[in-house]
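Undergrad: Got protein-v2.cif for you, mmCIF, C-alpha atoms and all ligand atoms:
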```cif
data_upload
loop_
_atom_site.label_atom_id
_atom_site.label_comp_id
_atom_site.auth_asym_id
_atom_site.auth_seq_id
_atom_site.Cartn_x
_atom_site.Cartn_y
_atom_site.Cartn_z
CA MET A 1 31.50 15.54 15.28
CA LYS A 2 33.20 17.28 12.34
CA LYS A 3 31.94 15.01 9.58
CA LYS A 4 28.96 12.71 9.68
CA ARG A 5 29.38 9.81 7.29
CA VAL A 6 26.29 8.05 5.92
CA ARG A 7 25.75 5.70 3.00
CA LYS A 8 25.60 7.35 -0.44
CA GLY A 9 21.95 8.13 -1.22
CA VAL A 10 20.93 8.50 2.43
CA GLU A 11 22.05 12.14 2.75
CA GLY A 12 19.33 13.49 0.43
CA LEU A 13 16.45 11.41 1.82
CA ILE A 14 13.42 13.21 3.19
CA PRO A 15 11.65 11.39 6.05
CA TYR A 16 8.43 9.66 4.96
CA PRO A 17 5.47 11.78 6.10
CA PRO A 18 3.30 9.21 7.92
CA GLY A 19 -0.23 10.18 8.97
CA LYS A 20 0.26 11.18 12.61
CA PRO A 21 -1.41 9.04 15.27
CA ILE A 22 -4.60 10.66 16.58
CA GLU A 23 -3.27 10.86 20.15
CA GLU A 24 -0.19 12.82 19.07
CA LEU A 25 -2.17 15.34 17.03
CA GLU A 26 -4.72 15.90 19.75
CA ARG A 27 -1.93 16.56 22.23
CA GLU A 28 -0.23 19.01 19.83
CA LEU A 29 -3.41 20.92 18.99
CA GLY A 30 -5.08 20.65 22.38
CA ILE A 31 -8.22 19.08 20.87
CA SER A 32 -10.11 15.83 21.42
CA GLY A 33 -12.62 13.63 19.59
CA SER A 34 -10.83 13.83 16.23
CA ILE A 35 -11.20 11.39 13.36
CA LYS A 36 -8.49 10.12 11.06
CA LEU A 37 -9.09 9.58 7.36
CA ALA A 38 -5.46 9.98 6.37
CA SER A 39 -3.77 6.59 6.15
CA ASN A 40 -6.13 4.36 4.14
CA GLU A 41 -6.82 2.24 7.21
CA ASN A 42 -9.82 0.01 7.86
CA PRO A 43 -12.34 2.06 9.90
CA LEU A 44 -14.05 -1.03 11.37
CA GLY A 45 -11.08 -1.98 13.54
CA PRO A 46 -9.15 -5.25 13.21
CA SER A 47 -10.69 -8.55 12.10
CA PRO A 48 -12.31 -10.01 15.27
CA LEU A 49 -11.11 -13.51 14.38
CA ALA A 50 -7.55 -12.15 14.20
CA VAL A 51 -7.88 -10.52 17.61
CA GLN A 52 -9.10 -13.78 19.12
CA ALA A 53 -6.22 -15.76 17.61
CA ILE A 54 -3.70 -13.18 18.82
CA LYS A 55 -5.03 -13.42 22.38
CA GLU A 56 -4.64 -17.17 22.29
CA ARG A 57 -1.07 -16.88 21.02
CA LEU A 58 0.06 -14.44 23.73
CA ARG A 59 1.05 -17.21 26.10
CA GLY A 60 3.65 -18.46 23.63
CA LEU A 61 5.55 -15.17 23.42
CA ASN A 62 8.57 -16.66 25.20
CA ARG A 63 9.23 -18.68 22.01
CA TYR A 64 10.65 -17.40 18.73
CA PRO A 65 8.17 -17.33 15.84
CA ASP A 66 8.01 -20.06 13.19
CA GLY A 67 10.69 -18.71 10.86
CA SER A 68 9.16 -20.54 7.90
CA GLY A 69 5.67 -19.11 8.51
CA TYR A 70 4.31 -22.57 7.72
CA TYR A 71 0.65 -22.23 8.79
CA LEU A 72 0.04 -18.82 7.30
CA LYS A 73 1.81 -19.73 4.07
CA SER A 74 -0.14 -23.03 3.88
CA LYS A 75 -3.43 -21.20 4.22
CA LEU A 76 -2.41 -18.65 1.59
CA SER A 77 -1.27 -21.47 -0.68
CA GLU A 78 -4.63 -23.19 -0.35
CA ARG A 79 -6.62 -19.98 -0.89
CA LEU A 80 -4.64 -18.60 -3.78
CA HIS A 81 -3.72 -21.93 -5.43
CA ILE A 82 -0.05 -21.04 -5.30
CA PRO A 83 2.67 -23.47 -4.19
CA LEU A 84 4.25 -22.84 -0.81
CA ASP A 85 7.67 -22.12 -2.30
CA ARG A 86 6.23 -19.18 -4.23
CA ILE A 87 5.19 -17.36 -1.02
CA ILE A 88 7.21 -15.18 1.36
CA LEU A 89 6.03 -13.27 4.46
CA GLY A 90 7.05 -9.76 5.46
CA ASN A 91 6.86 -7.44 8.45
CA GLY A 92 4.21 -5.53 6.51
CA SER A 93 4.47 -5.50 2.73
CA ASN A 94 6.81 -2.55 3.21
CA GLU A 95 9.50 -4.92 4.40
CA LEU A 96 9.14 -6.87 1.16
CA ILE A 97 9.88 -3.70 -0.83
CA GLU A 98 13.09 -3.45 1.14
CA LEU A 99 13.85 -7.15 0.63
CA LEU A 100 13.33 -6.83 -3.12
CA VAL A 101 15.80 -3.97 -3.23
CA ARG A 102 18.36 -5.73 -1.04
CA THR A 103 18.07 -8.94 -3.06
CA PHE A 104 17.98 -7.68 -6.65
CA LEU A 105 19.57 -4.23 -6.72
CA SER A 106 23.22 -3.25 -6.56
CA GLU A 107 24.44 0.29 -5.96
CA GLY A 108 24.09 2.36 -9.14
CA ASP A 109 21.44 0.08 -10.70
CA HIS A 110 18.42 1.64 -12.34
CA VAL A 111 14.78 1.35 -11.23
CA VAL A 112 11.55 2.63 -12.83
CA GLN A 113 8.31 3.68 -11.14
CA ALA A 114 5.29 5.79 -12.00
CA PHE A 115 4.77 9.18 -10.35
CA PRO A 116 2.95 10.05 -8.20
CA THR A 117 2.86 6.68 -6.52
CA PHE A 118 3.57 5.17 -3.09
CA LEU A 119 6.54 7.19 -1.80
CA VAL A 120 8.29 4.27 -0.13
CA TYR A 121 9.68 2.75 -3.37
CA GLU A 122 11.84 5.76 -4.16
CA LYS A 123 12.92 6.17 -0.58
CA ILE A 124 14.20 2.59 -0.30
CA VAL A 125 15.78 2.53 -3.76
CA THR A 126 17.58 5.85 -3.28
CA GLY A 127 18.68 4.90 0.22
CA ALA A 128 20.28 1.77 -1.23
CA GLY A 129 22.18 3.78 -3.86
CA GLY A 130 19.86 2.93 -6.77
CA ILE A 131 18.88 5.41 -9.47
CA MET A 132 15.12 5.99 -9.79
CA THR A 133 13.37 7.14 -12.96
CA SER A 134 9.80 8.32 -12.34
CA VAL A 135 7.40 8.17 -15.29
CA PRO A 136 4.53 10.69 -14.95
CA LEU A 137 1.02 9.27 -14.76
CA CYS A 138 -1.09 9.67 -17.87
CA ASP A 139 -4.56 10.98 -17.00
CA PHE A 140 -3.97 9.94 -13.35
CA THR A 141 -3.26 6.33 -14.41
CA VAL A 142 0.04 4.44 -14.53
CA ASP A 143 1.55 4.86 -18.02
CA LEU A 144 2.77 1.34 -18.82
CA ASP A 145 4.13 2.32 -22.25
CA GLY A 146 6.03 5.19 -20.62
CA ILE A 147 7.52 2.71 -18.16
CA LEU A 148 8.55 0.36 -20.99
CA ASN A 149 10.24 3.29 -22.75
CA ALA A 150 12.15 4.17 -19.58
CA ILE A 151 13.79 0.71 -19.33
CA ARG A 152 17.57 0.85 -19.87
CA PRO A 153 20.21 -1.88 -20.08
CA ASP A 154 21.00 -1.31 -16.38
CA THR A 155 17.34 -1.43 -15.22
CA ARG A 156 16.92 -4.13 -12.58
CA LEU A 157 13.57 -3.38 -11.02
CA ILE A 158 10.17 -1.83 -11.89
CA PHE A 159 7.51 -0.88 -9.34
CA VAL A 160 3.87 -0.80 -10.44
CA ASN A 161 1.26 -0.04 -7.81
CA ASN A 162 -2.12 -1.42 -8.87
CA PRO A 163 -4.45 0.18 -7.83
CA ASN A 164 -2.19 3.18 -7.50
CA ASN A 165 -1.78 5.17 -4.31
CA PRO A 166 -2.65 8.11 -4.23
CA THR A 167 -4.84 8.19 -7.37
CA GLY A 168 -6.94 5.05 -6.73
CA SER A 169 -6.80 4.17 -10.44
CA ALA A 170 -6.41 0.54 -11.53
CA LEU A 171 -5.07 -1.02 -14.73
CA SER A 172 -6.86 -3.47 -16.98
CA GLY A 173 -5.71 -7.09 -16.95
CA LYS A 174 -5.18 -6.89 -20.70
CA ALA A 175 -2.85 -3.87 -20.39
CA LEU A 176 -0.85 -5.58 -17.65
CA PHE A 177 -0.46 -8.82 -19.63
CA ARG A 178 0.71 -6.85 -22.65
CA PHE A 179 3.17 -4.90 -20.51
CA LEU A 180 4.63 -7.98 -18.81
CA ARG A 181 5.30 -9.68 -22.13
CA GLN A 182 7.44 -6.73 -23.20
CA VAL A 183 9.58 -6.33 -20.08
CA PRO A 184 13.00 -8.02 -20.46
CA GLU A 185 13.05 -11.36 -18.62
CA ASP A 186 15.72 -10.37 -16.15
CA VAL A 187 14.03 -7.16 -14.97
CA VAL A 188 12.11 -7.75 -11.75
CA VAL A 189 8.56 -6.39 -11.89
CA ALA A 190 7.10 -5.70 -8.44
CA LEU A 191 3.31 -5.40 -8.67
CA ASP A 192 2.19 -3.83 -5.40
CA GLU A 193 -1.39 -4.98 -4.85
CA ALA A 194 -1.94 -3.54 -1.35
CA TYR A 195 -5.50 -2.50 -2.34
CA ILE A 196 -6.32 -5.11 -5.00
CA GLU A 197 -9.19 -6.66 -3.02
CA PHE A 198 -11.12 -3.37 -3.19
CA VAL A 199 -11.28 -3.25 -7.01
CA THR A 200 -14.91 -3.28 -8.08
CA ASP A 201 -14.78 -2.58 -11.84
CA SER A 202 -14.84 -5.98 -13.53
CA GLY A 203 -13.02 -4.56 -16.57
CA LEU A 204 -9.97 -3.84 -14.42
CA ALA A 205 -7.38 -6.20 -12.95
CA GLY A 206 -8.77 -7.60 -9.68
CA ALA A 207 -7.39 -10.02 -7.11
CA ALA A 208 -8.66 -13.07 -8.99
CA ASP A 209 -6.98 -12.27 -12.33
CA THR A 210 -3.56 -11.01 -11.54
CA LEU A 211 -2.02 -14.17 -10.13
CA ARG A 212 -2.51 -15.81 -13.52
CA MET A 213 0.12 -13.37 -14.74
CA LEU A 214 2.89 -15.06 -12.79
CA ASP A 215 3.74 -17.27 -15.74
CA GLU A 216 3.86 -14.33 -18.16
CA HIS A 217 7.09 -13.01 -16.71
CA PRO A 218 9.85 -15.05 -15.05
CA SER A 219 10.78 -12.16 -12.72
CA LEU A 220 7.31 -11.12 -11.55
CA PHE A 221 6.61 -10.50 -7.86
CA PHE A 222 3.33 -9.55 -6.15
CA LEU A 223 3.12 -7.61 -2.90
CA ARG A 224 0.01 -8.01 -0.76
CA THR A 225 -0.91 -6.93 2.75
CA PHE A 226 -3.15 -7.63 5.74
CA SER A 227 -3.04 -3.92 6.68
CA LYS A 228 -6.03 -2.75 4.67
CA LEU A 229 -8.81 -5.27 3.98
CA TYR A 230 -8.20 -7.20 7.20
CA GLY A 231 -7.63 -4.13 9.40
CA LEU A 232 -4.24 -5.28 10.70
CA ALA A 233 -2.01 -2.29 9.86
CA GLY A 234 -0.58 -2.12 13.38
CA LEU A 235 0.33 -5.80 13.40
CA ARG A 236 2.76 -5.48 10.45
CA ILE A 237 2.19 -8.46 8.22
CA GLY A 238 2.19 -8.77 4.45
CA TYR A 239 3.10 -11.39 1.88
CA GLY A 240 4.81 -11.67 -1.46
CA LEU A 241 4.17 -14.08 -4.32
CA GLY A 242 6.85 -14.76 -6.88
CA HIS A 243 8.76 -17.38 -8.80
CA GLU A 244 10.58 -20.00 -6.71
CA TRP A 245 14.00 -18.67 -7.69
CA MET A 246 13.12 -15.18 -6.46
CA ILE A 247 11.66 -16.40 -3.17
CA ASP A 248 14.73 -18.57 -2.65
CA TYR A 249 17.10 -15.58 -2.92
CA MET A 250 14.86 -13.33 -0.83
CA ASN A 251 14.75 -15.97 1.89
CA ARG A 252 18.54 -15.90 2.01
CA VAL A 253 18.47 -12.13 2.59
CA ARG A 254 15.57 -11.82 5.04
CA GLN A 255 15.86 -11.90 8.82
CA PRO A 256 14.84 -15.39 10.01
CA PHE A 257 12.04 -14.12 12.29
CA ASN A 258 10.78 -11.16 10.25
CA ALA A 259 7.09 -12.16 10.63
CA ASN A 260 6.36 -12.21 14.35
CA SER A 261 4.23 -14.91 15.95
CA LEU A 262 1.21 -12.70 16.79
CA ALA A 263 1.18 -11.42 13.21
CA GLN A 264 1.30 -14.95 11.80
CA ALA A 265 -1.53 -16.10 14.09
CA GLY A 266 -3.67 -13.01 13.45
CA ALA A 267 -3.24 -13.10 9.68
CA THR A 268 -3.97 -16.83 9.47
CA ALA A 269 -7.25 -16.32 11.35
CA ALA A 270 -8.15 -13.18 9.38
CA LEU A 271 -8.12 -15.17 6.14
CA ASP A 272 -11.17 -17.05 7.49
CA ASP A 273 -12.99 -13.89 8.57
CA GLU A 274 -15.43 -13.76 5.67
CA VAL A 275 -17.98 -11.75 7.67
CA PHE A 276 -15.44 -9.01 8.43
CA VAL A 277 -14.20 -8.91 4.83
CA ALA A 278 -17.75 -8.58 3.49
CA LYS A 279 -18.54 -5.86 6.02
CA THR A 280 -15.37 -3.95 5.09
CA LEU A 281 -16.15 -4.04 1.38
CA GLU A 282 -19.72 -2.92 2.04
CA THR A 283 -18.54 -0.07 4.31
CA VAL A 284 -16.18 1.15 1.59
CA ARG A 285 -18.77 0.85 -1.18
CA ASP A 286 -21.52 2.65 0.76
CA GLY A 287 -19.05 5.21 2.12
CA LEU A 288 -17.83 6.09 -1.35
CA THR A 289 -21.40 6.55 -2.61
CA TYR A 290 -22.12 8.91 0.28
CA LEU A 291 -18.86 10.86 -0.06
CA TYR A 292 -19.17 11.28 -3.84
CA GLY A 293 -22.73 12.58 -3.32
CA GLY A 294 -21.58 15.05 -0.67
CA LEU A 295 -18.75 16.34 -2.85
CA ASP A 296 -21.07 16.67 -5.85
CA GLU A 297 -23.34 18.83 -3.71
CA ILE A 298 -20.44 21.03 -2.64
CA GLY A 299 -19.33 21.16 -6.28
CA LEU A 300 -15.83 19.74 -5.87
CA GLU A 301 -13.97 17.58 -8.38
CA TYR A 302 -12.69 14.20 -7.23
CA LEU A 303 -11.11 11.14 -8.82
CA PRO A 304 -13.42 8.09 -8.70
CA THR A 305 -11.47 5.27 -7.10
CA GLN A 306 -11.02 1.49 -7.19
CA THR A 307 -9.82 1.49 -3.59
CA ASN A 308 -10.76 2.72 -0.11
CA PHE A 309 -9.24 6.21 -0.66
CA PHE A 310 -9.44 8.96 -3.27
CA LEU A 311 -8.21 12.40 -4.29
CA ILE A 312 -10.28 15.58 -4.03
CA LYS A 313 -9.35 18.81 -5.81
CA VAL A 314 -9.77 21.71 -3.39
CA PRO A 315 -9.68 25.46 -4.00
CA GLY A 316 -6.81 27.33 -2.39
CA GLY A 317 -4.46 24.34 -2.22
CA GLY A 318 -4.50 21.03 -0.38
CA LYS A 319 -2.14 22.13 2.40
CA ARG A 320 -4.41 24.97 3.46
CA VAL A 321 -7.50 22.74 3.51
CA TYR A 322 -5.57 20.01 5.34
CA GLU A 323 -4.54 22.49 8.05
CA ALA A 324 -8.00 23.96 8.41
CA MET A 325 -9.57 20.50 8.68
CA LEU A 326 -6.93 19.49 11.21
CA ARG A 327 -7.93 22.36 13.49
CA GLU A 328 -11.47 20.98 13.34
CA GLY A 329 -10.22 17.53 14.35
CA VAL A 330 -10.53 15.90 10.92
CA ILE A 331 -7.20 14.41 9.87
CA ILE A 332 -6.76 14.00 6.11
CA ARG A 333 -3.70 14.04 3.86
CA ALA A 334 -2.23 16.97 1.92
CA MET A 335 -0.67 15.84 -1.34
CA ASP A 336 2.24 18.24 -1.91
CA SER A 337 4.85 15.54 -1.29
CA TYR A 338 3.16 13.60 -4.14
CA GLY A 339 3.39 16.62 -6.47
CA LEU A 340 -0.38 17.22 -6.27
CA ALA A 341 -0.55 20.54 -4.40
CA ASP A 342 -4.20 21.18 -5.38
CA TYR A 343 -5.45 17.94 -3.87
CA VAL A 344 -6.17 16.24 -0.58
CA ARG A 345 -6.51 12.48 -0.14
CA ILE A 346 -9.05 10.92 2.16
CA CYS A 347 -10.02 7.35 2.89
CA VAL A 348 -13.48 6.04 3.64
CA GLY A 349 -14.42 6.06 7.32
CA LEU A 350 -17.43 4.92 9.30
CA PRO A 351 -20.74 6.52 8.20
CA GLU A 352 -20.62 9.10 11.01
CA GLU A 353 -16.99 9.93 10.17
CA ASN A 354 -17.87 10.41 6.50
CA ARG A 355 -20.70 12.74 7.49
CA ARG A 356 -18.41 14.73 9.76
CA PHE A 357 -15.85 15.00 6.96
CA ILE A 358 -18.39 16.42 4.49
CA GLU A 359 -19.87 18.84 7.04
CA THR A 360 -16.44 20.06 8.14
CA LEU A 361 -15.21 20.44 4.57
CA ARG A 362 -18.26 22.48 3.66
CA ARG A 363 -17.64 24.77 6.65
CA VAL A 364 -13.91 25.09 6.07
CA LEU A 365 -14.30 25.98 2.40
C1 LIG A 401 0.69 1.16 -2.14
C2 LIG A 401 1.01 0.67 -0.79
N1 LIG A 401 1.83 -0.38 -0.65
C3 LIG A 401 2.16 -0.83 0.57
C4 LIG A 401 1.67 -0.23 1.70
C5 LIG A 401 2.18 -0.67 3.03
O1 LIG A 401 1.56 -1.75 3.49
P1 LIG A 401 2.06 -2.52 4.79
O2 LIG A 401 1.28 -1.96 5.90
O3 LIG A 401 1.73 -3.92 4.45
O4 LIG A 401 3.52 -2.33 4.96
C6 LIG A 401 0.80 0.85 1.62
C7 LIG A 401 0.27 1.47 2.85
O5 LIG A 401 -0.19 2.55 2.92
C8 LIG A 401 0.47 1.32 0.34
O6 LIG A 401 -0.31 2.39 0.18
#
```
Can you give me the file's structure in the form of structure tokens?

TA:
Amino acid sequence: MKKKRVRKGVEGLIPYPPGKPIEELERELGISGSIKLASNENPLGPSPLAVQAIKERLRGLNRYPDGSGYYLKSKLSERLHIPLDRIILGNGSNELIELLVRTFLSEGDHVVQAFPTFLVYEKIVTGAGGIMTSVPLCDFTVDLDGILNAIRPDTRLIFVNNPNNPTGSALSGKALFRFLRQVPEDVVVALDEAYIEFVTDSGLAGAADTLRMLDEHPSLFFLRTFSKLYGLAGLRIGYGLGHEWMIDYMNRVRQPFNANSLAQAGATAALDDEVFVAKTLETVRDGLTYLYGGLDEIGLEYLPTQTNFFLIKVPGGGKRVYEAMLREGVIIRAMDSYGLADYVRICVGLPEENRRFIETLRRVL
């Protein structure tokens, strides 16, 4: 073919670098018994209550899913004290990022994000022909004043990831309230709270506070996910919370069966899995204490986190350490695509995985 035609904005896109599945890496490197601490996943496996519910739903796979997601949305509504018509489901929260862009952004419109942050925002915005301005983090934290200063008359959308991936830093509720009051009413603010349930510092915005912010801004939208706390990353289910008018338009744009029936059943059951949630939070808390201690002993700098992952500054560059660890069967994440070439990012694993990480890192360095 002489000329390949693609949509404006798609030509320059770089594929998202997902953490490779363990099986694929082991095949490539000819190794076995590796551990993966690269994708901020839940090391305990999926919520057992979700697995049970999914098994029970298998027999109904000949039917299309409930396109309205009634049972899952009802449970969320009850838990979060949010009316049903302020909730929308997604095939992972990633799909909701795409839906936001398809619903509120026209080609050439302007969007603001922090940087470094979750790489998917820029990818989807640019692919849709939007113009992204990235405001550098200030001391590894999202610079809300910088974002306010970057707003232009043609700005339609702002992405704020709280806590922020890859830095693990969270914003205070006070700072967020102040920010929201200053954003023009018609600019959609997408607050991505994929890791909000992990926030432990009571001075920072946690899951209980942020929903109160909905009434502070008429175009506010929250993104949440079952991929992390509930261990359901492979199931692909997330949800969004926003004003009725936003949900109404997004429902017009979304595919009718975007949340599949196993995902709806699994997520509904996971919301009741208090034992699993408590165990996850404890695993992350204890794992972080152990990992921080190990890094202190080695003498490496790291960024204390409000999530289940964090950045470590490594001598000789993150890519080199990533590759050396990989050869030892420990999969972590290099941060060059996030503009942090001196860092690697890891997430908390099981106690034996955390130990193996520290021992391997010590050896590799
Ligand atoms: C900040 C952030 N938002 C969203 C997601 C994607 O979540 P989901 O699995 O629900 O699509 C991730 C996953 O890594 C993330 O880090």

Undergrad: So which residues are near ligand LIG 401 (chain A), meaning at most 6 Å away with all atoms listed in the file counted, given back as a short mmCIF file (atom, residue, chain, number, x, y, z; two decimals) with C-alpha atoms, in the coordinates of the input?

TA:
```cif
data_model
loop_
_atom_site.label_atom_id
_atom_site.label_comp_id
_atom_site.auth_asym_id
_atom_site.auth_seq_id
_atom_site.Cartn_x
_atom_site.Cartn_y
_atom_site.Cartn_z
CA GLY A 92 4.21 -5.53 6.51
CA SER A 93 4.47 -5.50 2.73
CA ASN A 94 6.81 -2.55 3.21
CA PHE A 118 3.57 5.17 -3.09
CA ASN A 161 1.26 -0.04 -7.81
CA ASN A 165 -1.78 5.17 -4.31
CA ASP A 192 2.19 -3.83 -5.40
CA ALA A 194 -1.94 -3.54 -1.35
CA THR A 225 -0.91 -6.93 2.75
CA SER A 227 -3.04 -3.92 6.68
CA ALA A 233 -2.01 -2.29 9.86
CA ARG A 236 2.76 -5.48 10.45
CA ILE A 237 2.19 -8.46 8.22
CA GLY A 238 2.19 -8.77 4.45
#
```

Undergrad: Skip stretch 295-307 of chain A itself and residues of its chain fewer than 6 positions away, then list as a list in words all residues within 7 Å of it, counting only C-alpha atoms.

TA: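 With the cut-off at 7 Å, the set is Pro163, Gly168, Ser169, Ala170, Tyr195, Phe198, Val199, Thr200, Lys313, Val314 and Arg362 of chain A.
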
Undergrad: What separation in Å, quoted to one decimal, exists between atom CA of A:Tyr249 and atom CA of A:Phe104?

TA: 8.8 Å

Undergrad: Excluding A:Ile22 and any residue of its chain fewer than 6 positions from it, enumerate the residues within 12 Å of it, using all atoms listed in the file, and give them as a short mmCIF file (atom, residue, chain, number, x, y, z; two decimals) with C-alpha atoms, in the frame of the given file.

TA:
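Contents of out19.cif, freshly written:
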```cif
data_model
loop_
_atom_site.label_atom_id
_atom_site.label_comp_id
_atom_site.auth_asym_id
_atom_site.auth_seq_id
_atom_site.Cartn_x
_atom_site.Cartn_y
_atom_site.Cartn_z
CA GLU A 28 -0.23 19.01 19.83
CA LEU A 29 -3.41 20.92 18.99
CA GLY A 30 -5.08 20.65 22.38
CA ILE A 31 -8.22 19.08 20.87
CA SER A 32 -10.11 15.83 21.42
CA GLY A 33 -12.62 13.63 19.59
CA SER A 34 -10.83 13.83 16.23
CA ILE A 35 -11.20 11.39 13.36
CA LYS A 36 -8.49 10.12 11.06
CA LEU A 37 -9.09 9.58 7.36
CA ALA A 38 -5.46 9.98 6.37
CA SER A 39 -3.77 6.59 6.15
CA LEU A 326 -6.93 19.49 11.21
CA GLY A 329 -10.22 17.53 14.35
CA VAL A 330 -10.53 15.90 10.92
CA ILE A 331 -7.20 14.41 9.87
CA ILE A 332 -6.76 14.00 6.11
#
```

Undergrad: Would you list the residues near (-3.7, -8.4, -23.0) (no more than 12 Å away, in the coordinates of the file, using all atoms listed in the file) as JSON, numbers by chain?

TA: {"A": [171, 172, 173, 174, 175, 176, 177, 178, 179, 180, 181, 182, 203, 204, 205, 209, 210, 213, 216]}

Undergrad: Provide stretch 336-357 of chain A rebuilt to N, CA and C atoms, formatted as a compact mmCIF listing (two decimals), keeping the file's coordinate frame.

TA:
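Now in selection.txt:
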```
# COMPACT_ATOMS: atom_id res chain seq x y z
N ASP A 336 1.10 17.54 -1.28
CA ASP A 336 2.24 18.24 -1.91
C ASP A 336 3.45 17.33 -2.08
N SER A 337 3.67 16.40 -1.13
CA SER A 337 4.85 15.54 -1.29
C SER A 337 4.64 14.55 -2.45
N TYR A 338 3.44 14.45 -2.97
CA TYR A 338 3.16 13.60 -4.14
C TYR A 338 3.11 14.46 -5.42
N GLY A 339 3.43 15.75 -5.30
CA GLY A 339 3.39 16.62 -6.47
C GLY A 339 1.97 17.01 -6.86
N LEU A 340 1.02 16.89 -5.95
CA LEU A 340 -0.38 17.22 -6.27
C LEU A 340 -0.87 18.29 -5.27
N ALA A 341 -0.31 19.49 -5.40
CA ALA A 341 -0.55 20.54 -4.40
C ALA A 341 -2.01 20.98 -4.32
N ASP A 342 -2.79 20.73 -5.38
CA ASP A 342 -4.20 21.18 -5.38
C ASP A 342 -5.15 20.16 -4.76
N TYR A 343 -4.59 19.04 -4.29
CA TYR A 343 -5.45 17.94 -3.87
C TYR A 343 -5.28 17.59 -2.39
N VAL A 344 -6.32 16.96 -1.85
CA VAL A 344 -6.17 16.24 -0.58
C VAL A 344 -6.60 14.79 -0.86
N ARG A 345 -6.10 13.88 -0.03
CA ARG A 345 -6.51 12.48 -0.14
C ARG A 345 -7.24 12.10 1.14
N ILE A 346 -8.36 11.44 0.98
CA ILE A 346 -9.05 10.92 2.16
C ILE A 346 -9.33 9.44 1.95
N CYS A 347 -9.53 8.72 3.05
CA CYS A 347 -10.02 7.35 2.89
C CYS A 347 -11.39 7.26 3.52
N VAL A 348 -12.11 6.21 3.15
CA VAL A 348 -13.48 6.04 3.64
C VAL A 348 -13.45 5.70 5.13
N GLY A 349 -14.31 6.36 5.89
CA GLY A 349 -14.42 6.06 7.32
C GLY A 349 -15.74 5.40 7.63
N LEU A 350 -16.11 5.40 8.90
CA LEU A 350 -17.43 4.92 9.30
C LEU A 350 -18.47 5.96 8.83
N PRO A 351 -19.76 5.57 8.71
CA PRO A 351 -20.74 6.52 8.20
C PRO A 351 -20.72 7.86 8.95
N GLU A 352 -20.59 7.82 10.29
CA GLU A 352 -20.62 9.10 11.01
C GLU A 352 -19.34 9.91 10.75
N GLU A 353 -18.24 9.22 10.50
CA GLU A 353 -16.99 9.93 10.17
C GLU A 353 -17.09 10.58 8.78
N ASN A 354 -17.69 9.86 7.85
CA ASN A 354 -17.87 10.41 6.50
C ASN A 354 -18.75 11.66 6.55
N ARG A 355 -19.81 11.58 7.36
CA ARG A 355 -20.70 12.74 7.49
C ARG A 355 -19.95 13.93 8.08
N ARG A 356 -19.16 13.64 9.12
CA ARG A 356 -18.41 14.73 9.76
C ARG A 356 -17.41 15.34 8.78
N PHE A 357 -16.79 14.49 7.95
CA PHE A 357 -15.85 15.00 6.96
C PHE A 357 -16.55 15.98 6.02
```
